[in-house]
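These notes concern the structure reproduced below.
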Amino acid sequence: MRRHPRAIHALRADDMRRHPRMWIEVAVYNGPSSAESTARQIRTGDRVRHYLPAGAFETRTAPVDTGTALYARYIGGPLT
């Protein structure tokens with residue numbers, strides 16, 4: 001299993017806020033379950049406070065050669 005650098009969520013969230021609606025890579029995870037779990041935490045703001053308020057970010061995952069990439073973008077506020 002390959003080790004990937006840890007995501008620096010504070011920096012990624014700041015990048016996304018500076019570039020609204022632009023997809024930015026958060027990190028590459030070894031497997032899809034880790035990427036999906038983190039994606040859910042970003043969307044809800046649960047356990048990763050840098051992405052609050054809940055609903056202010058969208059996420060997507062994609063397979064890559066070394067695992068599963070997680071991308072997110074700031075959409076400007078909670079979904080209604």
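In the structure tokens, the first chain shown is A, the next is B, and so on; residue numbers restart at 1 for each chain, and ligands run from 1 in the order shown.
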
- Message: Which residues are near A:Gly76? Cut-off 9 Å, only C-alpha atoms, ignore same chain within fewer than 6 positions. Put them as a ChimeraX atom specification.
- Response: /A:17,20-21,55-57

Contacts of A:Asp14 within 12 Å, only C-alpha atoms, excl. fewer than 2 positions in-chain, as a PDB file with C-alpha atoms, in the first residue's frame:
ATOM      1  CA  ILE A   8      -3.802  20.011   4.721  1.00  0.00           C
ATOM      2  CA  HIS A   9      -7.492  20.828   4.917  1.00  0.00           C
ATOM      3  CA  ALA A  10      -7.088  24.408   6.160  1.00  0.00           C
ATOM      4  CA  LEU A  11      -5.027  25.304   3.084  1.00  0.00           C
ATOM      5  CA  ARG A  12      -7.300  23.449   0.657  1.00  0.00           C
ATOM      6  CA  MET A  16     -11.364  26.868  -2.606  1.00  0.00           C
ATOM      7  CA  ARG A  17     -12.808  29.989  -1.011  1.00  0.00           C
ATOM      8  CA  ARG A  18     -10.385  32.128  -3.044  1.00  0.00           C
ATOM      9  CA  HIS A  19     -11.441  30.307  -6.229  1.00  0.00           C
ATOM     10  CA  PRO A  20     -15.185  29.588  -5.891  1.00  0.00           C
ATOM     11  CA  ILE A  24      -9.362  21.551  -6.362  1.00  0.00           C
ATOM     12  CA  VAL A  26      -7.883  17.715  -1.668  1.00  0.00           C
ATOM     13  CA  HIS A  50     -12.465  24.091   7.796  1.00  0.00           C
ATOM     14  CA  TYR A  51     -15.375  23.255   5.472  1.00  0.00           C
ATOM     15  CA  LEU A  52     -18.156  24.812   7.538  1.00  0.00           C
ATOM     16  CA  PHE A  57     -18.692  22.670  -0.520  1.00  0.00           C
ATOM     17  CA  ALA A  72     -13.910  19.639  -3.753  1.00  0.00           C
ATOM     18  CA  ARG A  73     -15.116  23.114  -4.575  1.00  0.00           C
ATOM     19  CA  TYR A  74     -16.631  25.990  -2.667  1.00  0.00           C
TER      20      TYR A  74
END

Residue list (alpha helix (DSSP H), DSSP) for chain A, as a list in words:
His9, Ala10, Leu11, Arg12, Ala13, Asp14, Asp15, Met16, Arg17, Arg18, Pro32, Ser33, Ser34, Ala35, Glu36, Ser37, Thr38, Ala39, Arg40, Gln41, Ile42, Arg43 and Thr44 of chain A

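For the pair atom CA of A:Asp46 and atom CA of A:Pro32, the separation is 18.7 Å.
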
- Give me the residues within 9 Å of A:Arg3 as a PyMOL selection string, counting only C-alpha atoms and dropping any in the same chain fewer than 2 places off. chain A and resi 1+5-6+29-30

Selection export as a JSON list (two decimals), in the first residue's frame, atoms kept: all heavy atoms:
[["chain", "number", "residue", "atom", "x", "y", "z"],
["A", 1, "MET", "N", 0.84, -1.18, 0.00],
["A", 1, "MET", "CA", 0.00, 0.00, 0.00],
["A", 1, "MET", "C", 0.89, 1.25, 0.00],
["A", 1, "MET", "O", 1.81, 1.36, 0.79],
["A", 1, "MET", "CB", -0.91, -0.02, 1.24],
["A", 1, "MET", "CG", -1.72, 1.21, 1.37],
["A", 1, "MET", "SD", -3.02, 1.20, 2.63],
["A", 1, "MET", "CE", -2.46, 0.16, 3.92],
["A", 5, "PRO", "N", 0.65, 11.79, 0.80],
["A", 5, "PRO", "CA", 0.78, 12.91, 1.75],
["A", 5, "PRO", "C", -0.58, 13.22, 2.36],
["A", 5, "PRO", "O", -1.61, 13.11, 1.70],
["A", 5, "PRO", "CB", 1.25, 14.08, 0.88],
["A", 5, "PRO", "CG", 1.71, 13.49, -0.40],
["A", 5, "PRO", "CD", 1.04, 12.16, -0.55],
["A", 6, "ARG", "N", -0.56, 13.60, 3.62],
["A", 6, "ARG", "CA", -1.80, 13.96, 4.30],
["A", 6, "ARG", "C", -2.34, 15.27, 3.74],
["A", 6, "ARG", "O", -1.58, 16.16, 3.38],
["A", 6, "ARG", "CB", -1.56, 14.12, 5.80],
["A", 6, "ARG", "CG", -1.21, 12.82, 6.48],
["A", 6, "ARG", "CD", -1.10, 13.03, 7.96],
["A", 6, "ARG", "NE", -2.39, 13.36, 8.51],
["A", 6, "ARG", "CZ", -3.11, 12.56, 9.28],
["A", 6, "ARG", "NH1", -2.63, 11.39, 9.61],
["A", 6, "ARG", "NH2", -4.27, 12.94, 9.75],
["A", 29, "TYR", "N", -6.31, 9.20, -1.89],
["A", 29, "TYR", "CA", -6.46, 8.20, -0.84],
["A", 29, "TYR", "C", -6.20, 6.81, -1.41],
["A", 29, "TYR", "O", -6.37, 6.59, -2.62],
["A", 29, "TYR", "CB", -7.87, 8.27, -0.24],
["A", 29, "TYR", "CG", -8.11, 9.58, 0.48],
["A", 29, "TYR", "CD1", -8.52, 10.72, -0.21],
["A", 29, "TYR", "CD2", -7.87, 9.70, 1.83],
["A", 29, "TYR", "CE1", -8.71, 11.93, 0.44],
["A", 29, "TYR", "CE2", -8.05, 10.90, 2.50],
["A", 29, "TYR", "CZ", -8.47, 12.00, 1.79],
["A", 29, "TYR", "OH", -8.64, 13.20, 2.44],
["A", 30, "ASN", "N", -5.80, 5.89, -0.55],
["A", 30, "ASN", "CA", -5.49, 4.54, -1.02],
["A", 30, "ASN", "C", -6.70, 3.83, -1.60],
["A", 30, "ASN", "O", -6.57, 3.06, -2.54],
["A", 30, "ASN", "CB", -4.90, 3.69, 0.11],
["A", 30, "ASN", "CG", -3.48, 4.10, 0.43],
["A", 30, "ASN", "OD1", -2.75, 4.54, -0.44],
["A", 30, "ASN", "ND2", -3.10, 4.00, 1.68]]

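From atom CA of A:Arg49 back to atom CA of A:Gly67, the distance works out to 25.0 Å.
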
If you count only C-alpha atoms, the residue of A:Ala13, A:Tyr71, A:Trp23, A:Val28 closest to A:Pro53 turns out to be A:Ala13
